[in-house]
file start14.txt (compact mmCIF, C-alpha atoms and all ligand atoms)
# COMPACT_ATOMS: atom_id res chain seq x y z
CA MET A 1 7.79 -51.17 -1.14
CA ALA A 2 10.42 -53.74 -1.96
CA ALA A 3 14.03 -52.84 -1.23
CA LEU A 4 15.38 -50.74 -4.08
CA ALA A 5 19.01 -51.17 -3.14
CA ARG A 6 20.09 -54.65 -2.24
CA ILE A 7 23.58 -55.69 -1.29
CA THR A 8 24.48 -59.25 -1.98
CA HIS A 9 26.96 -61.10 0.25
CA LYS A 10 25.84 -58.96 3.20
CA ALA A 11 24.31 -61.14 5.89
CA HIS A 12 21.67 -58.85 7.30
CA LEU A 13 20.64 -55.24 7.02
CA PRO A 14 18.49 -54.49 10.08
CA PHE A 15 16.75 -51.50 8.50
CA PRO A 16 14.21 -51.77 5.74
CA ALA A 17 14.43 -49.58 2.66
CA SER A 18 12.01 -46.87 3.57
CA THR A 19 8.86 -45.60 2.07
CA THR A 20 7.38 -42.18 2.37
CA THR A 21 3.79 -41.12 2.72
CA THR A 22 4.39 -37.61 1.43
CA THR A 23 5.24 -38.49 -2.16
CA PRO A 24 2.78 -40.79 -3.90
CA SER A 25 4.68 -43.78 -5.22
CA LYS A 26 4.98 -44.16 -8.97
CA PRO A 27 5.31 -47.32 -11.00
CA ARG A 28 8.94 -48.48 -10.80
CA ALA A 29 9.54 -48.26 -14.56
CA ALA A 30 8.48 -44.61 -14.59
CA ARG A 31 10.81 -43.86 -11.68
CA ILE A 32 13.80 -45.43 -13.42
CA CYS A 33 13.27 -43.46 -16.64
CA MET A 34 13.01 -40.21 -14.75
CA SER A 35 16.09 -40.79 -12.57
CA LEU A 36 18.67 -41.99 -15.07
CA GLN A 37 19.17 -39.00 -17.36
CA GLU A 38 22.02 -38.14 -19.72
CA ASN A 39 21.99 -34.50 -18.61
CA GLY A 40 21.71 -35.29 -14.88
CA PRO A 41 24.68 -34.88 -12.56
CA SER A 42 27.09 -37.74 -11.85
CA LEU A 43 26.76 -38.88 -8.24
CA ALA A 44 28.83 -40.73 -5.66
CA VAL A 45 27.51 -42.17 -2.40
CA VAL A 46 30.29 -42.50 0.18
CA GLY A 47 29.42 -44.99 2.94
CA VAL A 48 26.80 -46.62 0.74
CA THR A 49 26.69 -49.85 2.78
CA GLY A 50 25.79 -48.05 6.04
CA ALA A 51 22.45 -47.10 7.60
CA VAL A 52 22.48 -43.60 6.08
CA GLY A 53 24.08 -44.74 2.80
CA GLN A 54 21.31 -47.23 2.15
CA GLU A 55 18.73 -44.56 2.96
CA PHE A 56 20.38 -42.19 0.46
CA LEU A 57 19.57 -44.70 -2.27
CA SER A 58 15.95 -45.06 -1.14
CA VAL A 59 15.48 -41.30 -1.04
CA LEU A 60 17.16 -40.71 -4.42
CA SER A 61 14.82 -43.28 -5.88
CA ASP A 62 11.67 -42.09 -4.12
CA ARG A 63 12.28 -38.51 -5.22
CA ASP A 64 13.24 -39.34 -8.83
CA PHE A 65 16.52 -37.56 -8.36
CA PRO A 66 18.05 -37.24 -11.85
CA TYR A 67 21.55 -38.67 -12.37
CA ARG A 68 23.61 -39.84 -15.31
CA SER A 69 25.81 -42.15 -13.25
CA ILE A 70 26.21 -43.20 -9.64
CA LYS A 71 29.28 -44.58 -7.84
CA MET A 72 28.85 -46.79 -4.80
CA LEU A 73 31.74 -46.18 -2.41
CA ALA A 74 32.56 -47.78 0.93
CA SER A 75 35.56 -49.24 2.77
CA LYS A 76 37.94 -51.91 1.54
CA ARG A 77 35.80 -54.44 3.47
CA SER A 78 32.87 -53.92 1.09
CA ALA A 79 34.81 -53.47 -2.15
CA GLY A 80 33.65 -55.96 -4.78
CA LYS A 81 30.22 -56.61 -3.26
CA HIS A 82 27.33 -56.34 -5.66
CA MET A 83 24.41 -54.03 -5.11
CA THR A 84 21.18 -53.72 -7.04
CA PHE A 85 19.79 -50.22 -7.37
CA GLN A 86 16.83 -49.38 -9.58
CA ASP A 87 17.18 -52.76 -11.27
CA ARG A 88 20.83 -52.20 -12.22
CA ASP A 89 23.81 -54.05 -10.83
CA TYR A 90 26.60 -52.00 -9.22
CA VAL A 91 29.89 -53.11 -7.71
CA VAL A 92 30.85 -51.36 -4.48
CA GLU A 93 34.22 -49.65 -4.88
CA GLU A 94 36.79 -48.86 -2.23
CA LEU A 95 36.94 -45.14 -1.46
CA LYS A 96 40.26 -43.82 -2.78
CA VAL A 97 41.83 -40.47 -3.62
CA ASP A 98 40.90 -40.89 -7.31
CA SER A 99 37.26 -41.84 -6.59
CA PHE A 100 35.92 -38.37 -7.41
CA GLU A 101 37.19 -37.97 -10.97
CA GLY A 102 34.19 -36.60 -12.94
CA VAL A 103 31.81 -36.69 -9.94
CA ASP A 104 29.48 -33.66 -9.69
CA ILE A 105 27.80 -34.36 -6.33
CA ALA A 106 29.04 -36.67 -3.55
CA LEU A 107 26.81 -37.61 -0.64
CA PHE A 108 29.08 -38.49 2.29
CA SER A 109 28.07 -40.66 5.27
CA ALA A 110 31.13 -42.63 6.34
CA GLY A 111 32.02 -40.82 9.57
CA GLY A 112 33.87 -37.64 10.45
CA SER A 113 37.43 -38.85 9.89
CA ILE A 114 36.64 -40.08 6.37
CA SER A 115 34.92 -36.77 5.59
CA LYS A 116 37.90 -34.81 6.88
CA GLU A 117 40.29 -36.86 4.75
CA PHE A 118 38.30 -37.25 1.53
CA GLY A 119 35.95 -34.21 1.57
CA PRO A 120 38.70 -31.72 0.62
CA ILE A 121 40.08 -34.17 -1.99
CA ALA A 122 36.65 -34.33 -3.64
CA VAL A 123 36.25 -30.54 -3.53
CA GLU A 124 39.66 -30.19 -5.18
CA LYS A 125 38.33 -32.34 -8.06
CA GLY A 126 35.38 -29.95 -8.51
CA THR A 127 32.82 -32.09 -6.64
CA ILE A 128 30.10 -30.56 -4.47
CA VAL A 129 30.16 -32.57 -1.24
CA VAL A 130 27.05 -32.85 0.94
CA ASP A 131 28.44 -34.17 4.20
CA ASN A 132 26.47 -35.92 6.92
CA SER A 133 29.21 -35.97 9.54
CA SER A 134 30.06 -33.25 12.04
CA ALA A 135 33.47 -32.63 10.38
CA PHE A 136 32.69 -29.29 8.71
CA ARG A 137 29.45 -28.12 10.32
CA MET A 138 30.94 -25.36 12.40
CA VAL A 139 33.63 -24.36 9.91
CA GLU A 140 33.18 -20.74 8.89
CA GLY A 141 32.09 -20.41 5.28
CA VAL A 142 30.65 -23.95 5.10
CA PRO A 143 26.86 -23.69 4.73
CA LEU A 144 24.94 -25.69 7.36
CA VAL A 145 21.59 -26.24 5.73
CA ILE A 146 18.05 -27.43 6.41
CA PRO A 147 16.31 -26.67 3.10
CA GLU A 148 12.98 -25.69 4.75
CA VAL A 149 14.81 -23.41 7.20
CA ASN A 150 17.84 -21.67 5.64
CA PRO A 151 18.24 -22.51 1.92
CA GLU A 152 19.74 -19.04 1.45
CA ALA A 153 22.90 -20.21 3.26
CA MET A 154 24.00 -22.12 0.14
CA GLU A 155 23.07 -19.46 -2.40
CA GLY A 156 26.61 -19.12 -3.80
CA VAL A 157 27.02 -22.86 -4.48
CA ARG A 158 26.24 -23.90 -8.05
CA LEU A 159 26.62 -27.00 -10.19
CA GLY A 160 28.36 -26.76 -13.55
CA THR A 161 30.93 -24.14 -12.59
CA GLY A 162 33.68 -26.73 -12.17
CA LYS A 163 34.16 -25.40 -8.65
CA GLY A 164 33.84 -27.84 -5.77
CA ALA A 165 32.29 -26.96 -2.42
CA LEU A 166 31.37 -28.38 0.95
CA ILE A 167 27.84 -28.21 2.34
CA ALA A 168 27.15 -29.66 5.78
CA ASN A 169 24.04 -31.50 6.87
CA PRO A 170 23.21 -30.58 10.48
CA ASN A 171 23.09 -33.09 13.33
CA CYS A 172 19.94 -35.23 13.21
CA SER A 173 18.55 -33.96 16.54
CA THR A 174 19.12 -30.37 15.43
CA ILE A 175 17.28 -30.93 12.14
CA ILE A 176 14.27 -32.55 13.82
CA CYS A 177 14.09 -29.87 16.51
CA LEU A 178 14.45 -26.91 14.13
CA MET A 179 11.91 -28.25 11.62
CA ALA A 180 9.30 -27.61 14.34
CA ALA A 181 10.86 -24.70 16.22
CA THR A 182 11.75 -22.52 13.21
CA PRO A 183 8.21 -21.68 12.03
CA LEU A 184 7.40 -20.59 15.61
CA HIS A 185 10.71 -18.70 15.83
CA ARG A 186 9.84 -16.81 12.64
CA SER A 187 6.55 -15.74 14.19
CA ALA A 188 7.53 -14.85 17.78
CA LYS A 189 11.38 -15.08 17.97
CA VAL A 190 12.70 -17.76 20.25
CA ILE A 191 15.02 -16.33 22.91
CA ARG A 192 15.58 -19.57 24.87
CA MET A 193 15.08 -23.24 24.00
CA VAL A 194 15.36 -26.26 26.31
CA VAL A 195 15.61 -29.60 24.47
CA SER A 196 15.44 -33.12 25.93
CA THR A 197 15.97 -35.92 23.44
CA TYR A 198 14.98 -39.59 23.33
CA GLN A 199 17.29 -40.96 20.63
CA ALA A 200 16.99 -44.22 18.72
CA ALA A 201 19.59 -46.93 18.09
CA SER A 202 19.67 -46.15 14.36
CA GLY A 203 21.35 -42.85 15.15
CA ALA A 204 24.45 -44.86 16.05
CA GLY A 205 24.43 -46.82 12.80
CA ALA A 206 23.58 -50.27 11.55
CA ALA A 207 25.70 -52.11 14.14
CA ALA A 208 23.85 -50.44 17.06
CA MET A 209 20.51 -51.54 15.65
CA GLU A 210 21.77 -55.11 15.34
CA GLU A 211 23.02 -55.06 18.93
CA LEU A 212 19.72 -53.73 20.32
CA GLU A 213 17.89 -56.57 18.58
CA LEU A 214 20.41 -59.12 19.84
CA GLN A 215 20.37 -57.76 23.42
CA THR A 216 16.56 -57.81 23.52
CA ARG A 217 16.59 -61.50 22.60
CA GLU A 218 19.39 -62.26 25.06
CA VAL A 219 17.70 -60.49 28.00
CA LEU A 220 14.36 -62.24 27.31
CA GLU A 221 16.20 -65.56 27.24
CA GLY A 222 17.87 -64.76 30.59
CA LYS A 223 21.35 -64.50 29.04
CA PRO A 224 23.89 -61.71 29.74
CA PRO A 225 23.55 -59.08 26.99
CA THR A 226 26.31 -58.48 24.43
CA CYS A 227 27.53 -54.90 25.07
CA LYS A 228 30.01 -54.08 22.29
CA ILE A 229 28.61 -50.82 20.94
CA PHE A 230 27.64 -48.78 24.02
CA GLY A 231 29.46 -50.76 26.73
CA GLN A 232 26.27 -51.19 28.73
CA GLN A 233 22.84 -52.78 28.53
CA TYR A 234 20.63 -50.91 26.06
CA ALA A 235 17.62 -53.23 25.84
CA PHE A 236 15.01 -52.40 28.54
CA ASN A 237 17.19 -49.46 29.65
CA LEU A 238 18.08 -45.87 28.73
CA PHE A 239 21.21 -43.82 29.28
CA SER A 240 22.94 -40.53 28.60
CA HIS A 241 23.97 -40.18 24.93
CA ASN A 242 27.19 -42.02 24.13
CA ALA A 243 28.94 -38.93 22.67
CA PRO A 244 32.04 -37.87 24.64
CA VAL A 245 31.39 -35.69 27.71
CA LEU A 246 33.11 -32.29 27.54
CA SER A 247 34.75 -30.22 30.27
CA ASN A 248 31.53 -28.17 30.75
CA GLY A 249 29.60 -31.36 31.62
CA TYR A 250 27.59 -31.39 28.37
CA ASN A 251 28.19 -34.16 25.86
CA GLU A 252 29.09 -33.44 22.23
CA GLU A 253 25.59 -34.25 20.97
CA GLU A 254 24.09 -31.66 23.35
CA MET A 255 26.58 -28.98 22.33
CA LYS A 256 25.78 -29.67 18.65
CA LEU A 257 22.19 -28.61 19.35
CA VAL A 258 23.45 -25.43 21.04
CA LYS A 259 26.01 -24.39 18.39
CA GLU A 260 24.23 -25.56 15.23
CA THR A 261 20.99 -23.80 16.18
CA ARG A 262 22.89 -20.51 16.48
CA LYS A 263 24.56 -21.01 13.09
CA ILE A 264 21.40 -22.10 11.25
CA TRP A 265 19.28 -19.30 12.72
CA ASN A 266 22.16 -16.85 12.27
CA ASP A 267 21.53 -15.73 15.84
CA SER A 268 24.45 -15.88 18.23
CA ASN A 269 22.26 -14.71 21.12
CA VAL A 270 19.65 -17.50 21.18
CA LYS A 271 20.00 -19.45 24.42
CA VAL A 272 19.87 -23.22 23.97
CA THR A 273 20.38 -26.03 26.48
CA ALA A 274 19.95 -29.75 25.87
CA THR A 275 19.99 -33.17 27.52
CA CYS A 276 20.43 -36.06 25.09
CA ILE A 277 19.39 -39.60 26.03
CA ARG A 278 19.54 -42.90 24.14
CA VAL A 279 16.34 -44.93 24.43
CA PRO A 280 15.82 -48.52 23.22
CA VAL A 281 13.85 -47.50 20.16
CA MET A 282 15.01 -48.97 16.85
CA ARG A 283 14.44 -46.00 14.58
CA ALA A 284 13.35 -42.29 14.87
CA HIS A 285 14.18 -39.73 17.54
CA ALA A 286 11.75 -37.96 19.89
CA GLU A 287 12.39 -34.57 21.49
CA SER A 288 10.67 -32.50 24.13
CA VAL A 289 11.21 -28.84 23.29
CA ASN A 290 10.44 -25.91 25.59
CA LEU A 291 10.43 -22.51 23.90
CA GLN A 292 10.54 -19.01 25.36
CA PHE A 293 9.58 -16.17 23.01
CA GLU A 294 10.34 -12.49 22.73
CA ASN A 295 6.81 -11.82 21.43
CA PRO A 296 3.55 -13.49 22.52
CA LEU A 297 2.36 -16.60 20.68
CA ASP A 298 -0.75 -18.45 21.81
CA GLU A 299 -1.38 -22.18 21.52
CA GLU A 300 -3.95 -22.02 18.71
CA THR A 301 -1.85 -19.70 16.55
CA ALA A 302 1.16 -21.95 17.11
CA LYS A 303 -0.88 -24.99 16.03
CA ASP A 304 -1.99 -23.20 12.84
CA ILE A 305 1.57 -22.15 12.05
CA LEU A 306 2.81 -25.73 12.46
CA LYS A 307 -0.06 -27.16 10.38
CA ASN A 308 1.07 -24.96 7.50
CA ALA A 309 4.81 -25.54 7.93
CA PRO A 310 6.52 -27.50 5.12
CA GLY A 311 7.76 -30.95 6.15
CA VAL A 312 5.77 -30.86 9.41
CA VAL A 313 2.60 -32.72 10.42
CA VAL A 314 0.64 -31.98 13.57
CA ILE A 315 -0.53 -34.97 15.63
CA ASP A 316 -2.20 -33.40 18.63
CA ASP A 317 -5.38 -35.16 19.71
CA ARG A 318 -5.83 -34.47 23.40
CA ALA A 319 -9.16 -36.32 23.67
CA ALA A 320 -7.67 -39.54 22.32
CA ASN A 321 -4.30 -38.95 24.01
CA HIS A 322 -2.78 -39.38 20.56
CA PHE A 323 0.51 -37.59 19.99
CA PRO A 324 3.65 -38.26 17.87
CA THR A 325 5.54 -41.52 18.41
CA PRO A 326 8.81 -42.77 16.89
CA LEU A 327 6.96 -45.73 15.36
CA GLU A 328 4.50 -43.47 13.56
CA VAL A 329 7.23 -41.38 11.96
CA SER A 330 9.58 -44.25 11.08
CA ASN A 331 10.28 -44.31 7.34
CA LYS A 332 8.36 -41.06 6.87
CA ASP A 333 9.63 -37.76 5.50
CA ASP A 334 7.67 -35.41 7.73
CA VAL A 335 8.54 -34.43 11.27
CA ALA A 336 5.52 -34.83 13.59
CA VAL A 337 4.68 -32.30 16.31
CA GLY A 338 2.20 -32.58 19.16
CA ARG A 339 1.65 -31.83 22.88
CA ILE A 340 1.44 -28.19 21.79
CA ARG A 341 0.64 -26.34 25.00
CA ARG A 342 1.25 -23.07 26.80
CA ASP A 343 4.12 -23.33 29.26
CA VAL A 344 2.39 -22.64 32.59
CA SER A 345 5.69 -21.71 34.23
CA GLN A 346 5.84 -18.54 32.13
CA ASP A 347 3.55 -15.53 32.30
CA GLY A 348 1.20 -14.83 29.39
CA ASN A 349 1.81 -16.39 26.00
CA TYR A 350 5.59 -16.20 26.07
CA GLY A 351 6.30 -19.91 26.40
CA LEU A 352 5.28 -23.16 24.67
CA ASP A 353 6.02 -26.85 25.16
CA ILE A 354 6.02 -29.14 22.13
CA PHE A 355 6.91 -32.80 21.50
CA VAL A 356 8.57 -33.64 18.20
CA CYS A 357 9.33 -36.97 16.50
CA GLY A 358 11.30 -37.50 13.29
CA ASP A 359 13.01 -40.30 11.43
CA GLN A 360 16.62 -39.28 11.89
CA ILE A 361 17.99 -41.56 9.15
CA ARG A 362 15.50 -40.01 6.77
CA LYS A 363 14.88 -36.29 7.53
CA GLY A 364 17.73 -36.22 10.05
CA ALA A 365 20.25 -37.42 7.47
CA ALA A 366 19.56 -38.83 3.98
CA LEU A 367 16.44 -36.89 2.99
CA ASN A 368 17.85 -33.56 4.18
CA ALA A 369 21.07 -34.20 2.21
CA VAL A 370 19.17 -35.12 -0.97
CA GLN A 371 16.98 -32.01 -0.57
CA ILE A 372 20.22 -29.99 -0.39
CA ALA A 373 21.39 -31.70 -3.58
CA GLU A 374 18.04 -30.85 -5.21
CA LEU A 375 18.67 -27.17 -4.53
CA LEU A 376 21.77 -27.50 -6.72
CA LEU A 377 19.87 -28.76 -9.78
N1 LIG A 401 22.56 -42.97 11.57
C1 LIG A 401 22.06 -41.76 11.60
O1 LIG A 401 20.91 -41.55 11.94
C2 LIG A 401 22.88 -40.57 11.23
C3 LIG A 401 22.25 -39.33 11.19
C4 LIG A 401 22.97 -38.22 10.82
C5 LIG A 401 24.29 -38.35 10.50
N2 LIG A 401 24.89 -39.56 10.56
C6 LIG A 401 26.31 -39.63 10.21
O2 LIG A 401 26.48 -40.41 9.02
C7 LIG A 401 27.69 -41.13 9.10
C8 LIG A 401 27.43 -42.63 8.89
O3 LIG A 401 26.48 -43.07 9.84
P1 LIG A 401 25.75 -44.49 9.71
O4 LIG A 401 24.79 -44.48 10.81
O5 LIG A 401 25.29 -44.73 8.32
O6 LIG A 401 26.95 -45.51 10.04
P2 LIG A 401 27.13 -47.03 9.63
O7 LIG A 401 25.84 -47.71 9.44
O8 LIG A 401 28.09 -47.58 10.61
O9 LIG A 401 27.86 -46.96 8.17
C9 LIG A 401 29.18 -46.48 8.02
C10 LIG A 401 29.55 -46.45 6.55
O10 LIG A 401 30.85 -45.88 6.42
C11 LIG A 401 31.65 -46.75 5.62
N3 LIG A 401 33.06 -46.67 5.97
C12 LIG A 401 33.62 -46.95 7.16
N4 LIG A 401 34.98 -46.82 7.06
C13 LIG A 401 35.25 -46.43 5.78
C14 LIG A 401 36.43 -46.16 5.05
N5 LIG A 401 37.63 -46.24 5.61
N6 LIG A 401 36.32 -45.80 3.75
C15 LIG A 401 35.11 -45.73 3.15
N7 LIG A 401 33.94 -45.99 3.80
C16 LIG A 401 34.02 -46.34 5.08
C17 LIG A 401 31.10 -48.13 5.92
O11 LIG A 401 31.52 -49.01 4.91
P3 LIG A 401 31.75 -50.60 5.21
O12 LIG A 401 30.38 -51.23 5.21
O13 LIG A 401 32.57 -51.02 4.06
O14 LIG A 401 32.44 -50.69 6.53
C18 LIG A 401 29.60 -47.83 5.90
O15 LIG A 401 29.16 -47.75 4.57
C19 LIG A 401 28.32 -40.76 10.44
O16 LIG A 401 29.18 -39.65 10.25
C20 LIG A 401 27.15 -40.34 11.26
O17 LIG A 401 27.51 -39.46 12.31
C21 LIG A 401 24.22 -40.68 10.90
call {"tool": "encode", "arguments": {"input": "start14.txt", "output": "structure tokens"}}
result
Amino acid sequence: MAALARITHKAHLPFPASTTTTTPSKPRAARICMSLQENGPSLAVVGVTGAVGQEFLSVLSDRDFPYRSIKMLASKRSAGKHMTFQDRDYVVEELKVDSFEGVDIALFSAGGSISKEFGPIAVEKGTIVVDNSSAFRMVEGVPLVIPEVNPEAMEGVRLGTGKGALIANPNCSTIICLMAATPLHRSAKVIRMVVSTYQAASGAGAAAMEELELQTREVLEGKPPTCKIFGQQYAFNLFSHNAPVLSNGYNEEEMKLVKETRKIWNDSNVKVTATCIRVPVMRAHAESVNLQFENPLDEETAKDILKNAPGVVVIDDRAANHFPTPLEVSNKDDVAVGRIRRDVSQDGNYGLDIFVCGDQIRKGAALNAVQIAELLL
């Protein structure tokens, strides 16, 4: 599919506008008619020039999200740039305190400090903010939502009341993990979960993707790699996630998996531990997840449960050694699960190992946020 949102005057966007295999594509004209609707909500996309911001536009378009107007907001650096979205020309505006006048839903992806500053301002104006940063995730009273997992958490939030609200999108690794773990949890109750992640460059934004591409070229040409984003060589290497390391030895990304899982499952007793690693993959995260259950759950039943889970596909062909890969899930909506096997270190059917891959810009960020917005319609 051709890019639906195109920024002019921007040298290079390293990520293609994505396509999805789950929704059959419609002729472009039909999509435009369905999306631009007088009675649809007015939207704002904050951080529209970034990796997630661009994906918001692709997802809104792919899903025919109805809107009567859309504001493209970014930093002062981007103000005045032109952007084509669904065949219409938009001028990117600088995010300011008066940006949310008359905006019903704002999709935020401009980093935690911007969310902390402008999220409450938007709410004050009556806007419902769906925030992709970690700024409000653990704040009591702010729903932290994966629509397939806990839509009930945002039950009190409604459009058209004039009342603003904050809704938080979970961390991308948490979303991908829980898309697969939750259906099994519902069946046998997870009491302990051990997660090891293999996280892509795109999780650190557009600049990290550009640097991975540049470093790869530099290393192959025998030149010293440019190390501005992570401070170390990323191409042909892997390292512990770049999030700050805390006093307990875990990094912030790992503790997000621990805390967010408890909030989303509404279970303060579930034991979660995680090790998060950056790997030189351009797009889509992979995660090895070990589960311990309160009740028995055998391999075949688990496979059937996952095959029927919304937003999940099972890729588990042992004979062909074919299991999920980041490349296969890139630009896709569904999270892929495979390597579904009984954990031999546990007695009986009380443990399972699974391997999960998901496009974290898509389901881990933009798609999840747009699905949240759809629940408001
Ligand atoms: N990448 C992912 O997979 C992912 C997944 C989940 C959540 N998130 C979260 O989403 C957010 C954005 O991530 P990203 O990967 O899209 O980053 P990115 O590619 O670096 O984009 C950052 C965006 O924020 C805008 N911005 C920066 N400073 C601003 C300011 N002062 N006022 C208004 N806009 C400003 C940038 O605008 P300019 O172009 O004008 O600088 C750009 O549009 C982060 O909070 C991140 O943690 C990302």
call {"tool": "closest_residue", "arguments": {"input": "start14.txt", "among": "A:Ile167, A:Cys227, A:Leu377, A:Val129", "to": "Gly141 of chain A", "atoms": "all atoms listed in the file"}}
result
A:Ile167
call {"tool": "closest_residue", "arguments": {"input": "start14.txt", "among": "A:His322, A:Arg137, A:Lys163, A:Arg88", "to": "ligand LIG 401 (chain A)", "atoms": "all atoms listed in the file"}}
result
A:Arg137
call {"tool": "residues_near_ligand", "arguments": {"input": "start14.txt", "ligand": "ligand LIG 401 (chain A)", "cutoff": "9 Å", "atoms": "all atoms listed in the file", "output": "ChimeraX atom specification"}}
result
/A:46-55,73-79,92-96,108-115,131-135,169-173,200-208,283-285,359-366
call {"tool": "atom_distance", "arguments": {"input": "start14.txt", "atom1": "atom CA of Gln199 of chain A", "atom2": "atom CA of Ala243 of chain A"}}
result
12.0 Å
call {"tool": "atom_distance", "arguments": {"input": "start14.txt", "atom1": "atom CA of Gly119 of chain A", "atom2": "atom CA of Val142 of chain A"}}
result
12.1 Å
call {"tool": "closest_residue", "arguments": {"input": "start14.txt", "among": "A:Asp347, A:Glu374, A:Asp267, A:Glu253", "to": "Pro66 of chain A", "atoms": "all atoms listed in the file"}}
result
A:Glu374
call {"tool": "closest_residue", "arguments": {"input": "start14.txt", "among": "A:Asp343, A:Glu148, A:Asp89, A:Glu117", "to": "Ile175 of chain A", "atoms": "all atoms listed in the file"}}
result
A:Glu148
call {"tool": "atom_distance", "arguments": {"input": "start14.txt", "atom1": "atom CA of Cys177 of chain A", "atom2": "atom CA of Asn266 of chain A"}}
result
15.9 Å
call {"tool": "closest_residue", "arguments": {"input": "start14.txt", "among": "A:Arg192, A:Lys116, A:Leu57, A:Gly358", "to": "Ser268 of chain A", "atoms": "only C-alpha atoms"}}
result
A:Arg192
call {"tool": "closest_residue", "arguments": {"input": "start14.txt", "among": "A:Ser69, A:Ser330, A:Asn308, A:Thr216", "to": "Gln37 of chain A", "atoms": "all atoms listed in the file"}}
result
A:Ser69
call {"tool": "residues_around", "arguments": {"input": "start14.txt", "residues": "Leu220 of chain A", "least_positions_apart": "5", "cutoff": "12 Å", "atoms": "only C-alpha atoms", "output": "PyMOL selection string"}}
result
chain A and resi 213-215+225+235-236
call {"tool": "residues_around", "arguments": {"input": "start14.txt", "residues": "Leu184 of chain A", "least_positions_apart": "2", "cutoff": "9 Å", "atoms": "only C-alpha atoms", "output": "PyMOL selection string"}}
result
chain A and resi 180-182+186-190+293+297+302+305-306
call {"tool": "residues_around", "arguments": {"input": "start14.txt", "residues": "Val312 of chain A", "least_positions_apart": "6", "cutoff": "8 Å", "atoms": "only C-alpha atoms", "output": "list in words"}}
result
Met179, Ala180, Leu306, Asp334, Val335, Ala336 and Val337 of chain A
call {"tool": "residues_around", "arguments": {"input": "start14.txt", "residues": "Arg341 of chain A", "least_positions_apart": "6", "cutoff": "6 Å", "atoms": "only C-alpha atoms", "output": "PyMOL selection string"}}
result
chain A and resi 299+352-353
call {"tool": "residues_around", "arguments": {"input": "start14.txt", "residues": "Thr161 of chain A", "least_positions_apart": "6", "cutoff": "12 Å", "atoms": "all atoms listed in the file", "output": "MDAnalysis selection string"}}
result
chainID A and resid 104 125:128 376
